[in-house]
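Novice: Please see the structure below; I have some questions.
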Amino acid sequence: MHLDVQDLKNFYYRTNLGRVAQRAVREQVAAFWFPAKGETVVGFGFAVPLLRPFLPDARRVVALMPGPQGVMHWPAGQPNVAVLCEETLWPLQSGQADKLIVLHGLETSENPSALLEECWRVLAPGGRALFVVPNRAGLWSRRDRTPYGFGRPYSLGQLEAQLKAHNFSPERHLAALFAAPSEKRFWLKLARVMEVFGRKVSGRFAGGVIMVEATKQVYAPRPRGKAVKLRAPIAAGRPAPAGAVGQGLRRIGGSE
């Protein structure tokens, strides 16, 4: 079940903990890709907190938001690039996205297989997708006061296996949100230190979210048939005399 867009907006833009989460995940996105000059960048779910750094250089930025979640105008004070769409039917041409970010989309989807098929369709050959999901072993997935406490959390192995099953090739992974999911002032002050320390200690187990970068697998078309070279027939264990095969065919043709 998707969260409501107003709840997501209030968390990321109205709470101190949301700002901490936004900064921590966005910095790890920059470790994967930055900048995206002249490219088409697409976000699905509620990916707008991660898309803003791409606005100045990207050729096009599109923020897709599923119908059950709702949509909002984004970015504030600029022409809107947010679009309300069906979860598994995006208003984009096949192969249009050079970069794709999915945040609060996969773990809350009612049909993750169909969603991944749509991600594969929209991603360009050679393009890269980044899937951000709650870490099953992290603290954030156990607190339903944040958006990361809803939906199905993943382990790294589960996420990579699901991506491989839908013709994605996982390339790299990182973790984020090593800070405690608490609004208390003490933990908020330590958030930055914990984030830096956590990245040095573990890129997989301790973070609140797992981030996997994957590429689109495109297989070369196979030829439908292959020419087969026929040999001359063998009579009584010996090769037929040169020209015998052709003469026999002429005699058969003459009898018709």
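Following the order of the structure tokens, chains are lettered A, B, ..., residues in each are numbered from 1, and ligands are numbered from 1.
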Would you please give, as a ChimeraX atom specification, all residues of region 11-255 of chain A that DSSP assigns to strand (DSSP E or B) based on the backbone?
Specialist: /A:40-45,60-66,82-86,89,97-103,123-135,154,168-176,209-216,234-235,238-239
Novice: For His73 (chain A), work out the shell of residues within 12 Å, counting only C-alpha atoms and skipping chain neighbours fewer than 5 positions away, then give it as a list in words.
Specialist: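 Answer for this query is Val5, Gln6, Lys9, Val48, Val62, Ala63, Leu64, Met65, Gln78, Pro79, Asn80, Val81, Ala82, Val83 and Leu84 of chain A.
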Novice: For N, CA and C atoms, I'd like the residues from the last selection saved as a PDB file, in the first residue's frame.
Specialist:
```pdb
ATOM      1  N   VAL A   5       0.762  11.175  -0.387  1.00  0.00           N
ATOM      2  CA  VAL A   5       1.781  12.137  -0.780  1.00  0.00           C
ATOM      3  C   VAL A   5       1.940  13.259   0.252  1.00  0.00           C
ATOM      4  N   GLN A   6       0.864  13.643   0.928  1.00  0.00           N
ATOM      5  CA  GLN A   6       0.970  14.700   1.930  1.00  0.00           C
ATOM      6  C   GLN A   6       1.772  14.240   3.141  1.00  0.00           C
ATOM      7  N   LYS A   9       5.386  14.299   2.011  1.00  0.00           N
ATOM      8  CA  LYS A   9       5.832  15.688   1.917  1.00  0.00           C
ATOM      9  C   LYS A   9       6.096  16.264   3.305  1.00  0.00           C
ATOM     10  N   VAL A  48      11.279  12.693  -5.318  1.00  0.00           N
ATOM     11  CA  VAL A  48      11.644  14.100  -5.501  1.00  0.00           C
ATOM     12  C   VAL A  48      12.724  14.595  -4.533  1.00  0.00           C
ATOM     13  N   VAL A  62      11.778  13.996 -14.744  1.00  0.00           N
ATOM     14  CA  VAL A  62      10.363  13.642 -14.623  1.00  0.00           C
ATOM     15  C   VAL A  62      10.170  12.911 -13.298  1.00  0.00           C
ATOM     16  N   ALA A  63       9.213  13.380 -12.497  1.00  0.00           N
ATOM     17  CA  ALA A  63       8.888  12.743 -11.218  1.00  0.00           C
ATOM     18  C   ALA A  63       7.541  12.053 -11.361  1.00  0.00           C
ATOM     19  N   LEU A  64       7.550  10.739 -11.471  1.00  0.00           N
ATOM     20  CA  LEU A  64       6.322   9.959 -11.601  1.00  0.00           C
ATOM     21  C   LEU A  64       5.818   9.560 -10.221  1.00  0.00           C
ATOM     22  N   MET A  65       4.539   9.811  -9.962  1.00  0.00           N
ATOM     23  CA  MET A  65       3.942   9.467  -8.680  1.00  0.00           C
ATOM     24  C   MET A  65       2.722   8.597  -8.921  1.00  0.00           C
ATOM     25  N   GLN A  78       9.008  26.567  -9.368  1.00  0.00           N
ATOM     26  CA  GLN A  78       9.487  26.321 -10.721  1.00  0.00           C
ATOM     27  C   GLN A  78       8.413  25.574 -11.516  1.00  0.00           C
ATOM     28  N   PRO A  79       8.550  25.509 -12.834  1.00  0.00           N
ATOM     29  CA  PRO A  79       7.579  24.746 -13.626  1.00  0.00           C
ATOM     30  C   PRO A  79       7.480  23.302 -13.134  1.00  0.00           C
ATOM     31  N   ASN A  80       6.262  22.808 -13.072  1.00  0.00           N
ATOM     32  CA  ASN A  80       6.003  21.474 -12.528  1.00  0.00           C
ATOM     33  C   ASN A  80       6.535  20.372 -13.441  1.00  0.00           C
ATOM     34  N   VAL A  81       7.191  19.364 -12.833  1.00  0.00           N
ATOM     35  CA  VAL A  81       7.654  18.191 -13.585  1.00  0.00           C
ATOM     36  C   VAL A  81       7.094  16.900 -12.982  1.00  0.00           C
ATOM     37  N   ALA A  82       6.197  17.016 -12.004  1.00  0.00           N
ATOM     38  CA  ALA A  82       5.604  15.845 -11.366  1.00  0.00           C
ATOM     39  C   ALA A  82       4.373  15.402 -12.147  1.00  0.00           C
ATOM     40  N   VAL A  83       4.225  14.076 -12.305  1.00  0.00           N
ATOM     41  CA  VAL A  83       3.151  13.513 -13.112  1.00  0.00           C
ATOM     42  C   VAL A  83       2.475  12.392 -12.335  1.00  0.00           C
ATOM     43  N   LEU A  84       1.147  12.403 -12.291  1.00  0.00           N
ATOM     44  CA  LEU A  84       0.381  11.306 -11.708  1.00  0.00           C
ATOM     45  C   LEU A  84       0.227  10.216 -12.755  1.00  0.00           C
TER      46      LEU A  84
END
```
Novice: Give me the residues near Leu51 (chain A) as a list in words, where near means some atom within 9 Å (using only C-alpha atoms) and where sequence neighbours in that chain fewer than 5 positions away do not count.
Specialist: Arg26, Val41, Val42, Gly43, Val61, Val62, Ala63 and Ile101 of chain A
Novice: Considering only C-alpha atoms, can you say which of A:Glu195, A:Glu183, A:Glu39, A:Glu86 comes closest to Arg143 (chain A)?
Specialist: A:Glu183
Novice: With only C-alpha atoms as the basis for distance, which of A:Leu8, A:Ala24, A:Leu106, A:Cys119 is at the shortest distance from Phe178 (chain A)?
Specialist: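 Answer, going by the shortest atom-to-atom distance: A:Ala24.
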Novice: Could you work out how far CA of Ala180 (chain A) lies from CA of Gly151 (chain A), giving the answer in Å with one decimal?
Specialist: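 Straight-line distance from CA of Gly151 (chain A) to CA of Ala180 (chain A) works out to 19.6 Å.
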Novice: Measure the distance from CA of Lys216 (chain A) to CA of Val25 (chain A) in Å and round it to one decimal.
Specialist: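 Distance between the two atoms: 22.9 Å.
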Novice: Have a look at CA of Tyr154 (chain A) and CA of Ala97 (chain A) and let me know their distance in Å, one decimal.
Specialist: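 A separation of 24.9 Å between them.
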